[in-house]
Each structure stands twice: as structure tokens, then as C-alpha cells.
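**Q** To be precise about what I am sending: the file is called start17.cif and holds mmCIF, C-alpha atoms.
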```cif
data_input
#
loop_
_atom_site.label_atom_id
_atom_site.label_comp_id
_atom_site.auth_asym_id
_atom_site.auth_seq_id
_atom_site.Cartn_x
_atom_site.Cartn_y
_atom_site.Cartn_z
CA MET R 1 -57.95 -29.27 -65.33
CA SER R 2 -55.05 -29.97 -67.64
CA PRO R 3 -54.75 -28.40 -71.10
CA ALA R 4 -56.41 -30.16 -74.01
CA PRO R 5 -54.42 -33.37 -74.50
CA ASP R 6 -53.20 -34.70 -77.81
CA ASP R 7 -54.83 -37.74 -79.42
CA THR R 8 -52.45 -40.27 -77.84
CA ARG R 9 -52.83 -38.92 -74.33
CA LEU R 10 -56.57 -39.63 -74.41
CA ASP R 11 -55.97 -43.38 -74.76
CA GLY R 12 -57.59 -45.09 -71.78
CA TRP R 13 -59.86 -42.09 -71.15
CA ILE R 14 -63.60 -41.89 -71.84
CA PRO R 15 -65.95 -38.93 -72.38
CA ALA R 16 -67.64 -39.21 -68.98
CA ARG R 17 -69.71 -36.03 -68.97
CA LEU R 18 -70.90 -33.44 -71.45
CA HIS R 19 -71.99 -29.95 -70.46
CA VAL R 20 -72.58 -26.60 -72.10
CA GLU R 21 -70.33 -23.57 -71.57
CA GLY R 22 -71.86 -20.51 -73.15
CA GLU R 23 -73.08 -21.81 -76.49
CA GLN R 24 -70.59 -24.66 -76.87
CA PRO R 25 -70.61 -28.23 -75.54
CA ARG R 26 -67.58 -29.39 -73.60
CA VAL R 27 -66.35 -32.86 -72.60
CA ASP R 28 -65.04 -33.95 -69.20
CA TRP R 29 -62.88 -37.05 -69.55
CA CYS R 30 -62.31 -39.77 -66.97
CA HIS R 31 -59.43 -42.25 -66.99
CA LEU R 32 -61.09 -45.67 -67.08
CA GLY R 33 -58.05 -47.74 -68.03
CA SER R 34 -59.05 -51.36 -68.61
CA GLN R 35 -62.07 -51.28 -66.27
CA ARG R 36 -65.15 -52.78 -67.97
CA PHE R 37 -68.73 -51.53 -67.86
CA THR R 38 -70.12 -54.44 -65.84
CA ASP R 39 -72.27 -52.52 -63.35
CA PRO R 40 -76.02 -52.33 -63.94
CA PHE R 41 -75.66 -48.65 -64.89
CA PHE R 42 -73.00 -46.49 -66.53
CA ASP R 43 -72.84 -44.02 -63.61
CA GLU R 44 -72.11 -46.84 -61.16
CA THR R 45 -69.00 -47.80 -63.10
CA LEU R 46 -67.83 -44.18 -63.07
CA GLU R 47 -68.45 -43.86 -59.34
CA ARG R 48 -66.50 -47.04 -58.69
CA ARG R 49 -63.61 -45.80 -60.80
CA LEU R 50 -63.54 -42.40 -59.07
CA ARG R 51 -62.80 -44.08 -55.75
CA HIS R 52 -59.25 -44.47 -57.04
CA PRO R 53 -56.85 -41.54 -56.59
CA PHE R 54 -55.63 -41.10 -60.18
CA PRO R 55 -58.98 -40.64 -61.99
CA LEU R 56 -60.26 -38.60 -59.05
CA LEU R 57 -57.34 -36.15 -59.07
CA PHE R 58 -56.45 -35.98 -62.76
CA ARG R 59 -58.97 -34.88 -65.37
CA HIS R 60 -59.04 -33.67 -68.95
CA ARG R 61 -61.52 -31.25 -70.47
CA THR R 62 -61.84 -30.64 -74.19
CA SER R 63 -64.29 -29.26 -76.71
CA LEU R 64 -66.78 -31.69 -78.21
CA GLU R 65 -65.13 -31.04 -81.57
CA THR R 66 -61.97 -32.66 -80.19
CA LEU R 67 -63.99 -35.81 -79.61
CA VAL R 68 -65.43 -35.61 -83.14
CA GLU R 69 -61.95 -35.20 -84.63
CA ARG R 70 -60.61 -38.06 -82.55
CA GLN R 71 -63.21 -40.38 -84.07
CA THR R 72 -61.40 -40.19 -87.43
CA THR R 73 -58.35 -41.95 -85.97
CA ARG R 74 -60.08 -43.81 -83.09
CA PRO R 75 -63.45 -44.94 -84.51
CA GLY R 76 -64.17 -47.34 -81.64
CA LEU R 77 -65.72 -50.78 -81.85
CA PRO R 78 -68.85 -51.33 -83.97
CA VAL R 79 -72.29 -50.88 -82.43
CA ARG R 80 -74.09 -54.22 -82.68
CA GLY R 81 -77.35 -53.65 -80.81
CA LEU R 82 -79.73 -51.14 -79.20
CA VAL R 83 -82.08 -51.85 -76.28
CA PHE R 84 -85.16 -49.61 -75.94
CA HIS R 85 -87.72 -50.06 -73.16
CA MET R 86 -90.72 -48.51 -71.38
CA SER R 87 -88.85 -48.52 -68.00
CA ARG R 88 -89.07 -50.93 -65.05
CA CYS R 89 -89.60 -53.87 -67.37
CA GLY R 90 -86.38 -55.92 -67.31
CA SER R 91 -84.04 -53.92 -69.55
CA THR R 92 -81.30 -54.00 -66.92
CA LEU R 93 -81.39 -57.80 -67.08
CA LEU R 94 -80.83 -57.63 -70.84
CA ALA R 95 -77.90 -55.26 -70.33
CA GLN R 96 -76.38 -57.56 -67.70
CA LEU R 97 -76.76 -60.56 -69.99
CA LEU R 98 -74.90 -58.77 -72.77
CA ALA R 99 -72.25 -57.50 -70.35
CA SER R 100 -71.65 -61.03 -69.03
CA LEU R 101 -69.69 -61.71 -72.23
CA PRO R 102 -66.23 -60.06 -72.04
CA ARG R 103 -66.30 -59.40 -75.79
CA HIS R 104 -69.05 -56.79 -75.27
CA ILE R 105 -68.91 -53.18 -74.11
CA VAL R 106 -72.39 -52.42 -72.76
CA LEU R 107 -73.25 -48.77 -72.18
CA SER R 108 -76.25 -48.83 -69.86
CA GLU R 109 -78.09 -45.49 -69.74
CA ALA R 110 -74.90 -43.49 -70.31
CA ALA R 111 -75.37 -39.83 -69.38
CA PRO R 112 -73.23 -38.46 -72.28
CA ILE R 113 -75.57 -40.15 -74.78
CA ASP R 114 -78.60 -38.61 -73.07
CA THR R 115 -76.96 -35.17 -73.16
CA VAL R 116 -76.38 -35.35 -76.90
CA LEU R 117 -79.91 -36.56 -77.59
CA ARG R 118 -81.41 -33.68 -75.61
CA ILE R 119 -78.87 -30.92 -76.27
CA HIS R 120 -80.93 -29.22 -78.98
CA SER R 121 -83.38 -28.10 -76.29
CA ARG R 122 -80.56 -25.97 -74.81
CA LEU R 123 -78.79 -25.11 -78.04
CA PRO R 124 -81.41 -24.39 -80.73
CA TRP R 125 -78.72 -24.10 -83.42
CA VAL R 126 -77.96 -27.84 -83.09
CA ASP R 127 -79.77 -29.66 -85.90
CA GLU R 128 -80.39 -33.36 -86.40
CA THR R 129 -77.29 -33.83 -88.57
CA ARG R 130 -75.11 -32.36 -85.83
CA ARG R 131 -76.75 -34.49 -83.15
CA ILE R 132 -76.07 -37.64 -85.17
CA GLU R 133 -72.44 -36.61 -85.68
CA TRP R 134 -71.99 -35.93 -81.97
CA LEU R 135 -73.82 -39.10 -80.97
CA ARG R 136 -71.53 -41.24 -83.12
CA ALA R 137 -68.48 -39.45 -81.70
CA VAL R 138 -69.61 -39.98 -78.08
CA VAL R 139 -70.34 -43.66 -78.65
CA ALA R 140 -66.99 -44.07 -80.41
CA GLY R 141 -65.26 -42.44 -77.44
CA LEU R 142 -67.04 -44.68 -74.96
CA GLY R 143 -66.63 -47.76 -77.14
CA GLN R 144 -62.87 -47.80 -77.45
CA LYS R 145 -61.25 -51.21 -77.20
CA ARG R 146 -59.53 -51.23 -73.80
CA ASN R 147 -59.30 -55.00 -73.33
CA PRO R 148 -58.03 -57.49 -75.93
CA GLU R 149 -61.21 -59.60 -76.01
CA GLU R 150 -63.63 -56.68 -76.68
CA GLN R 151 -65.32 -56.76 -80.10
CA ALA R 152 -68.60 -54.83 -80.08
CA VAL R 153 -70.70 -52.16 -78.36
CA PHE R 154 -74.30 -52.39 -77.18
CA LEU R 155 -76.39 -49.43 -76.05
CA LYS R 156 -79.04 -49.91 -73.38
CA LEU R 157 -80.81 -46.57 -73.64
CA ASP R 158 -82.85 -44.52 -71.20
CA ALA R 159 -86.59 -45.16 -71.40
CA TRP R 160 -87.37 -41.79 -73.02
CA HIS R 161 -84.80 -42.38 -75.77
CA VAL R 162 -87.38 -44.45 -77.64
CA LEU R 163 -88.81 -41.05 -78.61
CA GLU R 164 -85.57 -40.63 -80.60
CA LEU R 165 -85.75 -44.07 -82.21
CA PRO R 166 -85.84 -42.75 -85.82
CA LEU R 167 -82.74 -40.63 -85.19
CA LEU R 168 -80.91 -43.52 -83.56
CA GLU R 169 -81.71 -45.75 -86.53
CA ARG R 170 -80.20 -43.11 -88.81
CA ALA R 171 -77.15 -42.76 -86.57
CA PHE R 172 -76.55 -46.53 -86.53
CA PRO R 173 -78.09 -47.84 -89.77
CA GLY R 174 -78.80 -51.55 -89.95
CA VAL R 175 -78.08 -52.13 -86.25
CA PRO R 176 -80.65 -54.51 -84.70
CA TRP R 177 -82.77 -53.20 -81.84
CA LEU R 178 -85.52 -54.34 -79.51
CA PHE R 179 -88.27 -52.67 -77.53
CA LEU R 180 -89.06 -54.24 -74.17
CA TYR R 181 -92.36 -53.61 -72.42
CA ARG R 182 -94.37 -54.92 -69.49
CA ASP R 183 -97.92 -55.02 -68.17
CA PRO R 184 -98.63 -51.34 -67.37
CA VAL R 185 -100.06 -52.05 -63.91
CA GLU R 186 -96.76 -53.66 -62.88
CA VAL R 187 -94.75 -50.76 -64.31
CA MET R 188 -96.94 -48.21 -62.53
CA ALA R 189 -96.50 -50.16 -59.28
CA SER R 190 -92.73 -49.95 -59.60
CA HIS R 191 -92.83 -46.19 -60.20
CA GLN R 192 -95.30 -45.80 -57.33
CA LYS R 193 -92.60 -47.11 -55.01
CA HIS R 194 -89.79 -45.02 -56.51
CA ARG R 195 -90.59 -42.76 -59.46
CA GLY R 196 -88.18 -42.56 -62.33
CA ALA R 197 -87.16 -39.06 -63.41
CA HIS R 198 -89.21 -39.18 -66.60
CA MET R 199 -92.35 -39.83 -64.55
CA LEU R 200 -92.08 -36.41 -62.91
CA PRO R 201 -93.66 -33.42 -64.70
CA GLY R 202 -91.14 -31.01 -66.17
CA VAL R 203 -88.25 -33.45 -66.69
CA LEU R 204 -89.29 -34.18 -70.28
CA GLU R 205 -90.54 -31.47 -72.58
CA PRO R 206 -94.36 -31.71 -72.41
CA ALA R 207 -94.71 -31.67 -76.19
CA ARG R 208 -92.52 -34.78 -76.43
CA VAL R 209 -95.17 -36.76 -74.56
CA GLY R 210 -98.15 -35.15 -76.28
CA LEU R 211 -99.02 -32.63 -73.58
CA GLY R 212 -99.23 -28.87 -73.32
CA VAL R 213 -97.40 -26.92 -70.61
CA GLU R 214 -100.72 -25.80 -69.14
CA GLN R 215 -101.79 -29.41 -68.61
CA LEU R 216 -98.94 -30.31 -66.25
CA SER R 217 -100.51 -28.65 -63.23
CA GLU R 218 -103.89 -30.24 -63.98
CA LEU R 219 -102.77 -33.87 -63.98
CA SER R 220 -102.18 -36.13 -60.99
CA LEU R 221 -98.80 -37.83 -60.82
CA GLU R 222 -100.51 -41.10 -61.67
CA GLU R 223 -102.17 -39.75 -64.80
CA TYR R 224 -99.06 -37.92 -65.93
CA GLY R 225 -96.97 -41.06 -65.48
CA ALA R 226 -99.49 -43.21 -67.31
CA ARG R 227 -99.57 -40.81 -70.25
CA VAL R 228 -95.77 -40.78 -70.42
CA LEU R 229 -95.68 -44.59 -70.45
CA ALA R 230 -98.35 -44.65 -73.15
CA ARG R 231 -96.29 -42.28 -75.30
CA LEU R 232 -93.14 -44.37 -74.86
CA CYS R 233 -94.99 -47.54 -75.83
CA SER R 234 -96.56 -45.80 -78.82
CA ALA R 235 -93.12 -44.67 -79.96
CA GLY R 236 -91.86 -48.24 -79.68
CA LEU R 237 -94.82 -49.57 -81.66
CA GLU R 238 -94.55 -46.86 -84.33
CA GLY R 239 -90.82 -47.45 -84.62
CA TYR R 240 -91.32 -51.17 -85.00
CA ARG R 241 -93.91 -50.74 -87.74
CA ALA R 242 -91.64 -48.30 -89.62
CA ARG R 243 -88.40 -50.12 -88.82
CA LYS R 244 -85.44 -49.86 -91.16
CA SER R 245 -83.30 -52.30 -89.17
CA PRO R 246 -83.91 -55.81 -87.76
CA ALA R 247 -86.12 -55.32 -84.70
CA LEU R 248 -87.93 -57.26 -82.01
CA LEU R 249 -90.81 -56.58 -79.63
CA LEU R 250 -90.26 -58.33 -76.32
CA ASN R 251 -92.66 -58.69 -73.39
CA HIS R 252 -91.31 -58.91 -69.85
CA GLN R 253 -93.65 -61.84 -69.24
CA GLY R 254 -91.55 -64.97 -69.58
CA LEU R 255 -88.40 -62.90 -70.00
CA GLN R 256 -86.49 -65.03 -67.51
CA ASP R 257 -86.99 -68.07 -69.73
CA THR R 258 -86.53 -66.48 -73.16
CA ALA R 259 -84.16 -63.53 -72.77
CA VAL R 260 -80.98 -65.44 -73.59
CA SER R 261 -82.38 -67.11 -76.71
CA ARG R 262 -83.96 -63.89 -78.01
CA LEU R 263 -80.74 -61.90 -77.57
CA VAL R 264 -78.70 -64.65 -79.18
CA GLU R 265 -81.06 -64.70 -82.15
CA LEU R 266 -81.56 -60.95 -82.70
CA PHE R 267 -77.96 -59.90 -82.17
CA ALA R 268 -76.39 -63.03 -83.72
CA LEU R 269 -74.26 -63.61 -80.62
CA GLU R 270 -73.25 -67.21 -81.44
CA PRO R 271 -72.00 -67.98 -77.90
CA ASP R 272 -69.67 -70.88 -77.26
CA ALA R 273 -70.26 -73.34 -74.42
CA LEU R 274 -68.48 -71.19 -71.82
CA GLU R 275 -70.37 -68.07 -72.87
CA VAL R 276 -73.67 -69.94 -72.64
CA GLU R 277 -72.76 -70.73 -69.03
CA TRP R 278 -71.98 -67.06 -68.33
CA LEU R 279 -75.30 -66.01 -69.87
CA THR R 280 -77.18 -68.61 -67.82
CA GLN R 281 -75.53 -67.45 -64.60
CA ALA R 282 -76.32 -63.79 -65.35
CA ALA R 283 -79.97 -64.65 -66.03
CA ALA R 284 -80.27 -66.24 -62.58
CA ARG R 285 -79.13 -63.11 -60.74
CA ASP R 286 -81.01 -59.98 -59.71
CA ALA R 287 -80.09 -57.53 -62.49
CA LYS R 288 -79.85 -54.42 -60.29
CA ASN R 289 -78.20 -56.21 -57.36
CA PRO R 290 -76.21 -59.07 -58.92
CA VAL R 291 -75.15 -60.52 -55.57
CA LEU R 292 -78.77 -61.64 -55.05
CA PRO R 293 -80.69 -64.33 -56.95
CA PHE R 294 -83.55 -63.31 -59.24
CA GLU R 295 -87.02 -63.25 -57.67
CA ASP R 296 -90.20 -62.79 -59.70
CA ASP R 297 -92.08 -59.76 -58.34
CA THR R 298 -95.01 -59.84 -60.79
CA LYS R 299 -97.65 -60.81 -58.23
CA GLN R 300 -96.28 -58.40 -55.61
CA LYS R 301 -96.43 -55.46 -58.02
CA ALA R 302 -99.93 -56.29 -59.21
CA GLU R 303 -101.17 -56.39 -55.62
CA SER R 304 -99.37 -53.26 -54.38
CA VAL R 305 -100.48 -50.74 -57.01
CA SER R 306 -102.91 -48.03 -55.91
CA ALA R 307 -106.43 -47.89 -57.29
CA THR R 308 -105.71 -44.60 -59.05
CA ALA R 309 -102.54 -45.91 -60.69
CA ARG R 310 -104.41 -49.03 -61.82
CA GLU R 311 -107.19 -46.91 -63.30
CA MET R 312 -104.76 -44.63 -65.16
CA ALA R 313 -102.79 -47.61 -66.46
CA GLY R 314 -105.99 -49.09 -67.84
CA LYS R 315 -107.16 -45.85 -69.41
CA TRP R 316 -103.94 -44.62 -71.02
CA VAL R 317 -101.43 -47.49 -71.32
CA ARG R 318 -103.49 -50.65 -71.69
CA PRO R 319 -104.68 -49.94 -75.27
CA VAL R 320 -101.15 -49.46 -76.65
CA TYR R 321 -99.87 -52.39 -74.58
CA GLU R 322 -102.47 -54.61 -76.24
CA ALA R 323 -101.48 -53.22 -79.65
CA LEU R 324 -97.85 -54.12 -78.91
CA GLU R 325 -98.90 -57.61 -77.91
CA ALA R 326 -100.93 -58.05 -81.09
CA GLU R 327 -97.97 -56.88 -83.20
CA ARG R 328 -95.56 -59.16 -81.34
CA LEU R 329 -97.81 -62.20 -81.75
CA ARG R 330 -98.28 -61.49 -85.46
CA ALA R 331 -94.51 -61.44 -85.89
CA LEU R 332 -94.22 -64.86 -84.20
CA THR R 333 -96.60 -66.44 -86.71
CA ARG R 334 -94.82 -65.13 -89.80
#
```
Translate this file's structure into C-alpha cells.

**A**
Amino acid sequence: MSPAPDDTRLDGWIPARLHVEGEQPRVDWCHLGSQRFTDPFFDETLERRLRHPFPLLFRHRTSLETLVERQTTRPGLPVRGLVFHMSRCGSTLLAQLLASLPRHIVLSEAAPIDTVLRIHSRLPWVDETRRIEWLRAVVAGLGQKRNPEEQAVFLKLDAWHVLELPLLERAFPGVPWLFLYRDPVEVMASHQKHRGAHMLPGVLEPARVGLGVEQLSELSLEEYGARVLARLCSAGLEGYRARKSPALLLNHQGLQDTAVSRLVELFALEPDALEVEWLTQAAARDAKNPVLPFEDDTKQKAESVSATAREMAGKWVRPVYEALEAERLRALTR
């Protein structure tokens, strides 16, 4: 590792990873140059960049305070939108739509953001004010203008970040956001095939999802997962009802037909004719494997889910899903 660089020498570098040394957070920087975040996920862009010799061999490491101080002279592009979701419900499509416009920097489930949001569990002295300060500094570092056409930053957050929705609203006041959700049976079917990290007991603090430590060993994976999904959906609903910023509830059903128009409306994108074409092309591709065309898997998921997963989805997630639907439909009639 090289010594801590001066402000100018960090141009073209991003805070790629945060970690804790002793009681202090540190930042590992990666040279990204002009490469855009166009992959479905943040980590994929980093992996692609690290195939090149320079960013692989040359690194910088600094304190997190260096990143905070840098924000005063390099504030980054403005954050224009936040995407929350219950997982496996089409949020990657929304991120890919936004990233299809070269004027956007889209940070899709960026690990440094997750680290800041969860760091207080490792460092009890970190309060909410400090987390907000660090979150803004990390986003500013990731959202530097590295191409002439770039104008704004969008955050597509991890599913469990909806539990931090009030903090994120305070960190980015007035920034529009949406919460995307899907029929719980279809979401459970997707996790049945390949479980997301948050669907495994112990990854999230039990209290964050309304459980006690002693309950973890008593619950099946299906019940635990259903209760996590129910808590995420409840957080989205509660956040929407208490919203301090423009917000939208969006159901995966019909997303392929409405995603572009809803994003354009909520985030005031005002695309020109060429950008409309880019958005249309992105909507027709598989979000997680853009070389393939989109295929609707709704029926397949509904048919493949296990009886236990279906039962748990109905017991724990269905009531809050229906409450979300009722709230969404009320908003459409206003």
C-alpha cells in the first residue's frame, strides 16, 4: 500500500472497500478511471476493473476521515433517487434502466454503503449523526464525475437497507425514493432456488427483523425467510406512510410495461428521444444477464415453490403485501 495520497492524487479513485482496524474505519481505494457502473451490481464493476494490471497492483489506503475531509473540496454529483426493495422483485431492472442513461451514476448494492449503514454494530461509539456524515462522504466519493456527461447519482440499495429508510431520508433530504415489492410466493420461490444472504439466520441482527436470538434455532429456513421479508415490507410501508420525500410504491406485476414511465415521473428524468430508445432497449433485456432478452418467470416461480414456503409466505408476508397493495392503489386514485 502507498502512503496516504493528497487530495489531487485521489482523482479517478473510488472508495471501494471499508473495513475496521482496531476501533477505526479505514478505506481501500481502487482506481476506476472513467469506467462507468453499468454492471448489474457494484462488485461486478470492481471485479471487471481489477482484471487490469494498474488497479490490481496499485492501491491506496486512507482513514475514513480523509474521505470525509475530501468531500469538502470534492462533493460529488447530487443524489437524485433511492431504490428500496424486498429482494428478488425487479430492482436490478430499475438499476439497469437508470444506468442506461450515460448522465447517471448508478451504485447498485455498493458494499461501502452497506458497511457504513451497519458499522455501529461493530463500533458502538458510532452514533446516527456520524453514520450520516460517513454515508454522505462515501456516496460523494463514489459519485465523483469521471465522465463529462455525468450529472446525477442514484442508489439502488440492498434489500435490508429499507430498515434504515428514516436515516437515509435524513442523509439525503428531499430525494425521491421508491419501494419495490412482489407477490411473496414468487419471492420465496426465488430464494428457495438460491437464498440471499439476508435470508440466512445470523446475517442480520435478529432484533432488526423482530426476532430474539433464542428464536433463530427454532425456526425453519422458510419461516425465518418469510418473517424477514415481512419485516422488510413493513418497513417499506411504514416509511411510505411517514415519508418526508416524494415516494412511490411499485409492484413487480406489470413492471415490464410501466417501469420506464414510473421512473421518468418519480425522478423527473425528462429523457430525449435517444434516451427513450436506450431505456426501451434496457427494459427488453434480462437485468442480471443483459446479453439475454427478458423472460417473464412469474408462472414458473409460482409453480416451483415448496408447500412449506408457500404456507409461510401466506402466514407472514401476505398480510403486509396486501397492505402495500391497498396503499399503492389509494395513491393512484388521489

**Q** With the file shown as input, list the residues that the PyMOL selection byres ((chain R and resi 19) around 10) selects, as a PyMOL selection string.

**A** chain R and resi 17-18+20-22+24-28+63-64+112+115-116+119

**Q** Could you pull the residues within 12 Å of segment 274-278 of chain R, counting all atoms listed in the file, minus those fewer than 2 positions along the same chain, as an MDAnalysis selection string?

**A** chainID R and resid 96:104 260:261 263:264 269:272 280:285

**Q** Restrict the selected residues to C-alpha atoms and save them as a PDB file, in the coordinates of the input.

**A**
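Heads up, here's the output in part_27.pdb:
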```pdb
ATOM      1  CA  GLN R  96     -76.380 -57.560 -67.700  1.00  0.00           C
ATOM      2  CA  LEU R  97     -76.760 -60.560 -69.990  1.00  0.00           C
ATOM      3  CA  LEU R  98     -74.900 -58.770 -72.770  1.00  0.00           C
ATOM      4  CA  ALA R  99     -72.250 -57.500 -70.350  1.00  0.00           C
ATOM      5  CA  SER R 100     -71.650 -61.030 -69.030  1.00  0.00           C
ATOM      6  CA  LEU R 101     -69.690 -61.710 -72.230  1.00  0.00           C
ATOM      7  CA  PRO R 102     -66.230 -60.060 -72.040  1.00  0.00           C
ATOM      8  CA  ARG R 103     -66.300 -59.400 -75.790  1.00  0.00           C
ATOM      9  CA  HIS R 104     -69.050 -56.790 -75.270  1.00  0.00           C
ATOM     10  CA  VAL R 260     -80.980 -65.440 -73.590  1.00  0.00           C
ATOM     11  CA  SER R 261     -82.380 -67.110 -76.710  1.00  0.00           C
ATOM     12  CA  LEU R 263     -80.740 -61.900 -77.570  1.00  0.00           C
ATOM     13  CA  VAL R 264     -78.700 -64.650 -79.180  1.00  0.00           C
ATOM     14  CA  LEU R 269     -74.260 -63.610 -80.620  1.00  0.00           C
ATOM     15  CA  GLU R 270     -73.250 -67.210 -81.440  1.00  0.00           C
ATOM     16  CA  PRO R 271     -72.000 -67.980 -77.900  1.00  0.00           C
ATOM     17  CA  ASP R 272     -69.670 -70.880 -77.260  1.00  0.00           C
ATOM     18  CA  THR R 280     -77.180 -68.610 -67.820  1.00  0.00           C
ATOM     19  CA  GLN R 281     -75.530 -67.450 -64.600  1.00  0.00           C
ATOM     20  CA  ALA R 282     -76.320 -63.790 -65.350  1.00  0.00           C
ATOM     21  CA  ALA R 283     -79.970 -64.650 -66.030  1.00  0.00           C
ATOM     22  CA  ALA R 284     -80.270 -66.240 -62.580  1.00  0.00           C
ATOM     23  CA  ARG R 285     -79.130 -63.110 -60.740  1.00  0.00           C
TER      24      ARG R 285
END
```

**Q** Could you tell me, as a ChimeraX atom specification, exactly which residues end up selected when the PyMOL selection byres ((chain R and resi 156-162) around 8) is applied to this structure?

**A** /R:82-87,91-92,95,106-110,114,117,154-155,163-165,198,232,235-236

**Q** Atom CA of Leu50 of chain R and atom CA of Leu142 of chain R are how many Å apart?

**A**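 It comes out at 16.4 Å.
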
**Q** I'd like the interatomic distance between atom CA of Pro148 of chain R and atom CA of Gly174 of chain R, to a tenth of an Å.

**A**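 Those two atoms sit 25.8 Å apart.
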
**Q** Would you mind telling me which residue in R:Thr129, R:Gln300, R:Gln35, R:Ser306 lies nearest to Leu167 of chain R when using all atoms listed in the file?

**A**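 Answer, going by the shortest atom-to-atom distance: R:Thr129.
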
**Q** Could you write out as a count of residues only the residues that the PyMOL selection byres ((chain R and resi 205-219) around 12) matches in the shown file?

**A** 33

**Q** Rank nothing, just name the residue among R:Asp127, R:Thr308, R:Arg243, R:Ile105 nearest to Gln192 of chain R, using all atoms listed in the file.

**A**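 Of all the options, R:Thr308 lies closest to Gln192 of chain R.
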
**Q** For Glu311 of chain R, which of R:Ala152, R:Ala189, R:Leu10, R:Thr72 is the closest residue, counting all atoms listed in the file?

**A**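 The shortest atom-to-atom distance to Glu311 of chain R comes from R:Ala189.
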
**Q** Contacts of Gln253 of chain R at 7 Å or less, counting all atoms listed in the file, minus same-chain residues fewer than 2 places along, as a list in words?

**A**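 Contacts, in chain order: Arg182, Asn251 and Leu255 of chain R.
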
**Q** Padding 8 Å on each side, edges along x, y and z: where is the centre of the box around the listed atoms of segment 233-251 of chain R, and how long are its edges in Å to one decimal? Output it as AutoDock Vina command-line options.

**A**
```
--center_x -89.9 --center_y -51.7 --center_z -82.3 --size_x 29.3 --size_y 30.0 --size_z 33.8
```

**Q** Grab the atom CA of Ala302 of chain R to atom CA of Ser190 of chain R distance for me, in Å with one decimal place.

**A**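 Here the two named atoms are 9.6 Å from each other.
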
**Q** Could you pull the residues within 8 Å of His252 of chain R, counting only C-alpha atoms, minus those fewer than 2 positions along the same chain, as a VMD selection string?

**A** chain R and resid 89 to 90 180 to 183 250 254 to 255

**Q** When you count only C-alpha atoms, which of these residues is closest to Ser245 of chain R: R:Lys193, R:Arg36, R:Arg170, R:Arg61?

**A**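 Among the listed residues, R:Arg170 lies closest to Ser245 of chain R.
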
**Q** Using only C-alpha atoms, determine which residues lie at most 7 Å from segment 29-31 of chain R, disregarding the query and same-chain residues fewer than 3 positions distant; provide the list as an NGL selection string.

**A** :R and (12-17 or 55 or 59-61)

**Q** Generate the coordinates of all heavy atoms for segment 258-264 of chain R; report them as a PDB file, in the coordinates of the input.

**A**
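Below is the file selection.pdb, written as the result:
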```
ATOM      1  N   THR R 258     -86.799 -66.681 -71.727  1.00  0.00           N
ATOM      2  CA  THR R 258     -86.530 -66.480 -73.160  1.00  0.00           C
ATOM      3  C   THR R 258     -85.475 -65.443 -73.473  1.00  0.00           C
ATOM      4  O   THR R 258     -85.059 -65.334 -74.625  1.00  0.00           O
ATOM      5  CB  THR R 258     -87.827 -66.071 -73.884  1.00  0.00           C
ATOM      6  OG1 THR R 258     -88.274 -64.800 -73.370  1.00  0.00           O
ATOM      7  CG2 THR R 258     -88.919 -67.102 -73.687  1.00  0.00           C
ATOM      8  N   ALA R 259     -85.046 -64.653 -72.492  1.00  0.00           N
ATOM      9  CA  ALA R 259     -84.160 -63.530 -72.770  1.00  0.00           C
ATOM     10  C   ALA R 259     -82.884 -63.959 -73.487  1.00  0.00           C
ATOM     11  O   ALA R 259     -82.466 -63.342 -74.476  1.00  0.00           O
ATOM     12  CB  ALA R 259     -83.808 -62.789 -71.474  1.00  0.00           C
ATOM     13  N   VAL R 260     -82.248 -65.020 -72.996  1.00  0.00           N
ATOM     14  CA  VAL R 260     -80.980 -65.440 -73.590  1.00  0.00           C
ATOM     15  C   VAL R 260     -81.181 -65.827 -75.049  1.00  0.00           C
ATOM     16  O   VAL R 260     -80.447 -65.359 -75.935  1.00  0.00           O
ATOM     17  CB  VAL R 260     -80.372 -66.619 -72.798  1.00  0.00           C
ATOM     18  CG1 VAL R 260     -79.174 -67.194 -73.550  1.00  0.00           C
ATOM     19  CG2 VAL R 260     -79.943 -66.159 -71.397  1.00  0.00           C
ATOM     20  N   SER R 261     -82.181 -66.643 -75.330  1.00  0.00           N
ATOM     21  CA  SER R 261     -82.380 -67.110 -76.710  1.00  0.00           C
ATOM     22  C   SER R 261     -82.763 -65.962 -77.634  1.00  0.00           C
ATOM     23  O   SER R 261     -82.314 -65.909 -78.790  1.00  0.00           O
ATOM     24  CB  SER R 261     -83.458 -68.195 -76.746  1.00  0.00           C
ATOM     25  OG  SER R 261     -84.696 -67.701 -76.271  1.00  0.00           O
ATOM     26  N   ARG R 262     -83.557 -64.999 -77.147  1.00  0.00           N
ATOM     27  CA  ARG R 262     -83.960 -63.890 -78.010  1.00  0.00           C
ATOM     28  C   ARG R 262     -82.790 -62.967 -78.321  1.00  0.00           C
ATOM     29  O   ARG R 262     -82.643 -62.478 -79.443  1.00  0.00           O
ATOM     30  CB  ARG R 262     -85.108 -63.094 -77.377  1.00  0.00           C
ATOM     31  CG  ARG R 262     -86.362 -63.888 -77.075  1.00  0.00           C
ATOM     32  CD  ARG R 262     -86.801 -64.842 -78.199  1.00  0.00           C
ATOM     33  NE  ARG R 262     -87.171 -64.179 -79.426  1.00  0.00           N
ATOM     34  CZ  ARG R 262     -88.388 -63.745 -79.740  1.00  0.00           C
ATOM     35  NH1 ARG R 262     -89.368 -63.874 -78.860  1.00  0.00           N
ATOM     36  NH2 ARG R 262     -88.642 -63.201 -80.908  1.00  0.00           N
ATOM     37  N   LEU R 263     -81.931 -62.716 -77.327  1.00  0.00           N
ATOM     38  CA  LEU R 263     -80.740 -61.900 -77.570  1.00  0.00           C
ATOM     39  C   LEU R 263     -79.784 -62.598 -78.522  1.00  0.00           C
ATOM     40  O   LEU R 263     -79.222 -61.968 -79.429  1.00  0.00           O
ATOM     41  CB  LEU R 263     -80.020 -61.590 -76.255  1.00  0.00           C
ATOM     42  CG  LEU R 263     -80.725 -60.658 -75.266  1.00  0.00           C
ATOM     43  CD1 LEU R 263     -79.838 -60.426 -74.049  1.00  0.00           C
ATOM     44  CD2 LEU R 263     -81.083 -59.333 -75.898  1.00  0.00           C
ATOM     45  N   VAL R 264     -79.594 -63.879 -78.311  1.00  0.00           N
ATOM     46  CA  VAL R 264     -78.700 -64.650 -79.180  1.00  0.00           C
ATOM     47  C   VAL R 264     -79.180 -64.581 -80.624  1.00  0.00           C
ATOM     48  O   VAL R 264     -78.389 -64.376 -81.556  1.00  0.00           O
ATOM     49  CB  VAL R 264     -78.622 -66.120 -78.698  1.00  0.00           C
ATOM     50  CG1 VAL R 264     -77.992 -67.006 -79.765  1.00  0.00           C
ATOM     51  CG2 VAL R 264     -77.825 -66.204 -77.393  1.00  0.00           C
TER      52      VAL R 264
END
```
